[in-house]
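To keep things clear, I will list the structure first and then write my remarks on it.
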Amino acid sequence: MSQTESTDTAAVKTPRNRFDRYEWAGAFGDLGTFIPFAMGYIMIMKIEPLGLLVTFGILLICSGLYYRTPIPIQPMKAIGSAAITQAAAITPGMVWGAGIFTGIFWLAMGLTGTLDIISRMVTKPVVRGIVLGLGLSFIMEGIKMMKSDFIVAVIALAITFMLLAGRRIPAMFVLIIFGLIAALVRNPELFKELSGIHFDFQLPHFVLGQITWTDFVKGTLILGIPQAPLTLGNAVIAITAENNRLFPERPVTEKKIAVSQGILNLISPLFGGIPMCHGAGGMAGHVRFGARTGGALIIVGVFLLITGLCFSSSVLLIFKIFPLSVLGVILFFAGLELAASARDVGREKSDYYTLLATAGFAIWNMGAGFIAGIIIQELFKRKVFKV
């Protein structure tokens, strides 16, 4: 093989990160999940934005540099939802304790080979069913968020459909500008509020000493363990399948993703960050708005890192730039992108039964969807059930 051919082969095997306008647009394709959870943690749980934003920023940059595909980092949804809705009974220490447990759990699952056994059990209809269920849940949640200002949402939907069809102008740029204009028109006082954004450089501090043994135990039992099935379905099986479908030149394994999530969650809580995962919906959002490499993650990671280090005391004002209805549109399109990927499930009627049953349960609970799919898959395989 010549030196030129060797170089070409290496280039195919290790695609480079790009930073063009579509990577910039795709970088913000996961805001529909990140901002609502971040605001909930900061406003209701009183988690300091400094540690939350800085850890997210650094780990997004690391993910982009390592994977070189848009494998995202998202807040863990079951932990976040429980913590925010039960804030009176949940402390920041319990959230951090849940993160540490999650890190240990997924590191062990990956390194012991347990996930290899699980992944061999799962057929394409089950995987696609989990992806379809997650996509539909994103669509439903997006519609719920759009109801906060339906007129703005309808205009944003129309703009996005038109721009995504053309690909000449990145839809995300127009959405952000439209969202800012809509926010200022709906609330003229926002002009005055945004003038309160100010530079305030700070460094995150080590919080391990603030986590008690009680925090760790309660965080594990109340938050960490209920999150595990959702993470298995969405942030291990589904994200692996989606990455390998979209980027076969840069494949990952369930083991690699599990170990990665273990490392994320052993680092994040130490500096005041929240439990994180590699959610398939986040990848769908990044890809739908133009991202094709890890450059998108590096861009949004740098944005969050700078915001955390220099403007953490003003972060809630900055988030007001993004109206909830426009965030709902972003989430809606991420759901469409994810759900549409389930179309290659197979030709047999039994495949569609497994797909739809898995998806139906997955909308309610990702772990329940996974278990239901495995059961139905085995019933068909053993000819106990026929269609």
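For the structure tokens, the naming scheme is as follows: chains receive sequential letters (A, B, ...) according to their order of presentation, residues are indexed from 1 within each chain, and ligands are indexed from 1 in presentation order.
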
_stretch 148-230 of chain A: residues DSSP assigns to helix (DSSP H, G or I), reported as a VMD selection string_ = chain A and resid 148 to 166 171 to 186 190 to 194 208 to 210 213 to 230

Please tabulate, as JSON lines, the residues of stretch 15-92 of chain A that come within 6 Å of stretch 306-313 of chain A, each with its closest pair of atoms and the distance in Å to one decimal, counting only C-alpha atoms and ordering rows by chain, then residue number upward.
{"residue": "A:Pro49", "atom": "CA", "partner": "A:Ser312", "partner_atom": "CA", "distance": 5.7}
{"residue": "A:Leu50", "atom": "CA", "partner": "A:Gly308", "partner_atom": "CA", "distance": 4.9}
{"residue": "A:Leu53", "atom": "CA", "partner": "A:Gly308", "partner_atom": "CA", "distance": 5.0}
{"residue": "A:Val54", "atom": "CA", "partner": "A:Gly308", "partner_atom": "CA", "distance": 5.2}

Go ahead and save the residues from that selection, with N, CA, C and O atoms, as an mmCIF file, in the first residue's frame.
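New file again09.cif:
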data_model
loop_
_atom_site.group_PDB
_atom_site.id
_atom_site.type_symbol
_atom_site.label_atom_id
_atom_site.label_comp_id
_atom_site.auth_asym_id
_atom_site.auth_seq_id
_atom_site.Cartn_x
_atom_site.Cartn_y
_atom_site.Cartn_z
ATOM 1 N N PRO A 49 -24.983 27.073 39.548
ATOM 2 C CA PRO A 49 -24.778 26.976 38.091
ATOM 3 C C PRO A 49 -23.316 26.832 37.697
ATOM 4 O O PRO A 49 -23.004 26.261 36.650
ATOM 5 N N LEU A 50 -22.404 27.336 38.533
ATOM 6 C CA LEU A 50 -20.980 27.287 38.210
ATOM 7 C C LEU A 50 -20.528 25.849 37.964
ATOM 8 O O LEU A 50 -19.998 25.519 36.892
ATOM 9 N N LEU A 53 -22.504 24.022 34.930
ATOM 10 C CA LEU A 53 -22.135 24.425 33.574
ATOM 11 C C LEU A 53 -20.694 24.059 33.234
ATOM 12 O O LEU A 53 -20.409 23.622 32.115
ATOM 13 N N VAL A 54 -19.786 24.237 34.183
ATOM 14 C CA VAL A 54 -18.372 23.966 33.901
ATOM 15 C C VAL A 54 -18.145 22.471 33.652
ATOM 16 O O VAL A 54 -17.432 22.088 32.704
#

Nearby residues (only C-alpha atoms) at most 7 Å from A:Gly367, same-chain spacing under 4 positions excluded, as a short mmCIF file (atom, residue, chain, number, x, y, z; two decimals) with C-alpha atoms, in the first residue's frame:
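For reference, out-v1.cif as written:
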data_model
loop_
_atom_site.label_atom_id
_atom_site.label_comp_id
_atom_site.auth_asym_id
_atom_site.auth_seq_id
_atom_site.Cartn_x
_atom_site.Cartn_y
_atom_site.Cartn_z
CA PRO A 229 -33.35 0.96 33.40
CA LEU A 230 -33.88 4.25 31.54
CA GLY A 233 -32.49 1.58 27.13
CA ALA A 362 -40.90 2.65 26.38
CA ILE A 371 -38.14 -5.87 29.34
#

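Atom pair atom CA of A:Met109 / atom CA of A:Pro248: separated by 24.3 Å.
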
_At a cut-off of 12 Å, using only C-alpha atoms, what residues contact A:Leu356? Leave out same-chain residues fewer than 2 positions from it and give the result as a PyMOL selection string._
chain A and resi 125-133+136+339+342-343+345+349-354+358-363+369-370+372-373+376-377

*Pick out the closest residue to A:Met145 from this set: A:Asn365, A:Thr293, A:Thr85, A:Thr33. Count only C-alpha atoms.*
A:Thr33

_Shell around A:Tyr67 at 12 Å using only C-alpha atoms, local window under 4 positions removed, as a PyMOL selection string_ = chain A and resi 13-17+59-63+71-73+240+243-244+247+249-253+256-257+260+278+292-298

For the selection just defined, write its residues with N, CA and C atoms to a file, as a JSON list (two decimals), in the first residue's frame.
[["chain", "number", "residue", "atom", "x", "y", "z"],
["A", 13, "LYS", "N", -10.90, 6.03, 8.59],
["A", 13, "LYS", "CA", -11.12, 5.38, 9.89],
["A", 13, "LYS", "C", -11.23, 6.40, 11.02],
["A", 14, "THR", "N", -10.55, 7.54, 10.89],
["A", 14, "THR", "CA", -10.58, 8.53, 11.96],
["A", 14, "THR", "C", -11.04, 9.88, 11.41],
["A", 15, "PRO", "N", -12.34, 10.05, 11.20],
["A", 15, "PRO", "CA", -12.84, 11.31, 10.65],
["A", 15, "PRO", "C", -12.52, 12.47, 11.58],
["A", 16, "ARG", "N", -12.25, 13.61, 10.99],
["A", 16, "ARG", "CA", -11.89, 14.78, 11.78],
["A", 16, "ARG", "C", -13.13, 15.55, 12.19],
["A", 17, "ASN", "N", -13.02, 16.22, 13.31],
["A", 17, "ASN", "CA", -14.09, 17.13, 13.73],
["A", 17, "ASN", "C", -14.11, 18.35, 12.82],
["A", 59, "LEU", "N", -16.86, 18.16, 29.89],
["A", 59, "LEU", "CA", -17.13, 16.78, 29.47],
["A", 59, "LEU", "C", -17.70, 16.72, 28.06],
["A", 60, "LEU", "N", -18.44, 17.74, 27.63],
["A", 60, "LEU", "CA", -18.88, 17.80, 26.23],
["A", 60, "LEU", "C", -17.68, 17.94, 25.30],
["A", 61, "ILE", "N", -16.74, 18.78, 25.67],
["A", 61, "ILE", "CA", -15.52, 18.94, 24.86],
["A", 61, "ILE", "C", -14.76, 17.61, 24.77],
["A", 62, "CYS", "N", -14.64, 16.93, 25.90],
["A", 62, "CYS", "CA", -13.95, 15.63, 25.91],
["A", 62, "CYS", "C", -14.67, 14.60, 25.04],
["A", 63, "SER", "N", -16.01, 14.59, 25.11],
["A", 63, "SER", "CA", -16.79, 13.65, 24.29],
["A", 63, "SER", "C", -16.58, 13.92, 22.81],
["A", 71, "ILE", "N", -22.07, 12.29, 19.81],
["A", 71, "ILE", "CA", -22.57, 11.54, 20.98],
["A", 71, "ILE", "C", -22.69, 12.53, 22.12],
["A", 72, "PRO", "N", -23.91, 12.85, 22.53],
["A", 72, "PRO", "CA", -24.13, 13.99, 23.42],
["A", 72, "PRO", "C", -23.90, 13.66, 24.88],
["A", 73, "ILE", "N", -23.97, 14.68, 25.68],
["A", 73, "ILE", "CA", -24.04, 14.52, 27.13],
["A", 73, "ILE", "C", -25.27, 15.28, 27.59],
["A", 240, "THR", "N", -25.95, 3.56, 21.15],
["A", 240, "THR", "CA", -25.02, 2.72, 20.40],
["A", 240, "THR", "C", -25.57, 2.40, 19.01],
["A", 243, "ASN", "N", -25.66, 5.71, 16.83],
["A", 243, "ASN", "CA", -24.33, 6.13, 16.37],
["A", 243, "ASN", "C", -23.85, 5.22, 15.25],
["A", 244, "ASN", "N", -24.01, 3.91, 15.43],
["A", 244, "ASN", "CA", -23.49, 2.97, 14.45],
["A", 244, "ASN", "C", -24.31, 2.98, 13.16],
["A", 247, "PHE", "N", -23.17, 6.68, 11.74],
["A", 247, "PHE", "CA", -21.73, 6.86, 11.55],
["A", 247, "PHE", "C", -21.01, 5.51, 11.59],
["A", 249, "GLU", "N", -18.57, 4.47, 10.09],
["A", 249, "GLU", "CA", -17.11, 4.60, 10.04],
["A", 249, "GLU", "C", -16.50, 4.88, 11.40],
["A", 250, "ARG", "N", -17.35, 5.18, 12.39],
["A", 250, "ARG", "CA", -16.86, 5.48, 13.73],
["A", 250, "ARG", "C", -17.74, 4.75, 14.75],
["A", 251, "PRO", "N", -17.73, 3.40, 14.73],
["A", 251, "PRO", "CA", -18.65, 2.65, 15.59],
["A", 251, "PRO", "C", -18.25, 2.68, 17.06],
["A", 252, "VAL", "N", -19.24, 2.45, 17.92],
["A", 252, "VAL", "CA", -19.01, 2.31, 19.36],
["A", 252, "VAL", "C", -19.67, 1.02, 19.82],
["A", 253, "THR", "N", -19.36, 0.60, 21.02],
["A", 253, "THR", "CA", -19.99, -0.58, 21.61],
["A", 253, "THR", "C", -20.71, -0.18, 22.89],
["A", 256, "LYS", "N", -18.22, 0.38, 25.65],
["A", 256, "LYS", "CA", -17.52, 1.67, 25.62],
["A", 256, "LYS", "C", -18.41, 2.79, 26.15],
["A", 257, "ILE", "N", -19.68, 2.78, 25.75],
["A", 257, "ILE", "CA", -20.60, 3.82, 26.19],
["A", 257, "ILE", "C", -20.85, 3.72, 27.70],
["A", 260, "SER", "N", -17.82, 4.97, 29.51],
["A", 260, "SER", "CA", -17.79, 6.42, 29.35],
["A", 260, "SER", "C", -18.73, 7.10, 30.34],
["A", 278, "HIS", "N", -25.33, 9.65, 27.99],
["A", 278, "HIS", "CA", -25.23, 9.84, 26.54],
["A", 278, "HIS", "C", -26.59, 9.49, 25.92],
["A", 292, "ARG", "N", -22.53, 16.65, 12.20],
["A", 292, "ARG", "CA", -22.08, 15.37, 11.67],
["A", 292, "ARG", "C", -20.80, 14.90, 12.34],
["A", 293, "THR", "N", -20.20, 15.72, 13.17],
["A", 293, "THR", "CA", -18.96, 15.33, 13.85],
["A", 293, "THR", "C", -19.02, 15.79, 15.31],
["A", 294, "GLY", "N", -17.96, 15.46, 16.04],
["A", 294, "GLY", "CA", -17.87, 15.90, 17.43],
["A", 294, "GLY", "C", -17.60, 17.39, 17.57],
["A", 295, "GLY", "N", -17.37, 18.07, 16.45],
["A", 295, "GLY", "CA", -17.16, 19.52, 16.51],
["A", 295, "GLY", "C", -18.32, 20.24, 17.15],
["A", 296, "ALA", "N", -19.55, 19.76, 16.90],
["A", 296, "ALA", "CA", -20.73, 20.38, 17.50],
["A", 296, "ALA", "C", -20.67, 20.33, 19.02],
["A", 297, "LEU", "N", -20.22, 19.20, 19.56],
["A", 297, "LEU", "CA", -20.12, 19.06, 21.02],
["A", 297, "LEU", "C", -19.06, 19.99, 21.59],
["A", 298, "ILE", "N", -17.96, 20.12, 20.88],
["A", 298, "ILE", "CA", -16.89, 21.01, 21.33],
["A", 298, "ILE", "C", -17.38, 22.45, 21.35]]

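The smallest atom-to-atom distance between A:Leu336 and any of A:Gly179, A:Gly166, A:Gly40, A:Gly285, using only C-alpha atoms, is found for A:Gly285.
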
*Any idea what's packed within 8 Å of A:Phe56, counting only C-alpha atoms, ignoring anything in its chain fewer than 5 positions away? Could you give it as a PyMOL selection string?*
chain A and resi 73+268+273+301+304-305

_Report as a ChimeraX atom specification all protein, DNA and RNA residues lying within 12 Å of A:Trp106, evaluated on only C-alpha atoms, omitting residues in the same chain fewer than 6 positions from it._
/A:99-100,112-115,224-225,227-229,231-232,235-236,254-266,276-278

Kindly assemble as a Markdown table a list of the stretch 244-345 of chain A residues that lie within 8 Å of stretch 204-207 of chain A, each paired with its nearest atom pair and their distance in Å to one decimal, using only C-alpha atoms, sorted first by chain and then by ascending residue number.
| residue | atom | partner | partner_atom | distance |
| --- | --- | --- | --- | --- |
| A:Pro269 | CA | A:Val207 | CA | 7.5 |
| A:Leu270 | CA | A:Val207 | CA | 5.5 |
| A:Phe271 | CA | A:Phe206 | CA | 4.8 |
| A:Gly272 | CA | A:Val207 | CA | 6.0 |
| A:Leu309 | CA | A:Pro204 | CA | 8.0 |

_One number please: atom CA of A:Gly346 to atom CA of A:Trp364, in Å, one decimal._
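Result for atom CA of A:Gly346 versus atom CA of A:Trp364: 24.1 Å, one decimal.
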
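The smallest atom-to-atom distance between A:Met366 and any of A:Pro92, A:Pro226, A:Gly282, A:Gly26, using only C-alpha atoms, is found for A:Pro226.
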
*Smallest atom-to-atom distance to A:Ala89: which of A:Leu111, A:Ile44, A:Ile104, A:Ile239, using only C-alpha atoms?*
A:Ile44

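Atom CA of A:Ile197 is found 23.4 Å from atom CA of A:Met172.
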
*Best match for closeness to A:Leu221 among A:Phe191, A:Phe333, A:Phe101, A:Phe19, counting only C-alpha atoms*: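 For A:Leu221, the nearest of the given residues is A:Phe101.
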
*asked:* I need the residue nearest A:Ile267 from this list: A:Leu208, A:Gly142, A:His198, A:Phe150. Use only C-alpha atoms for the distance.
replied: A:Leu208
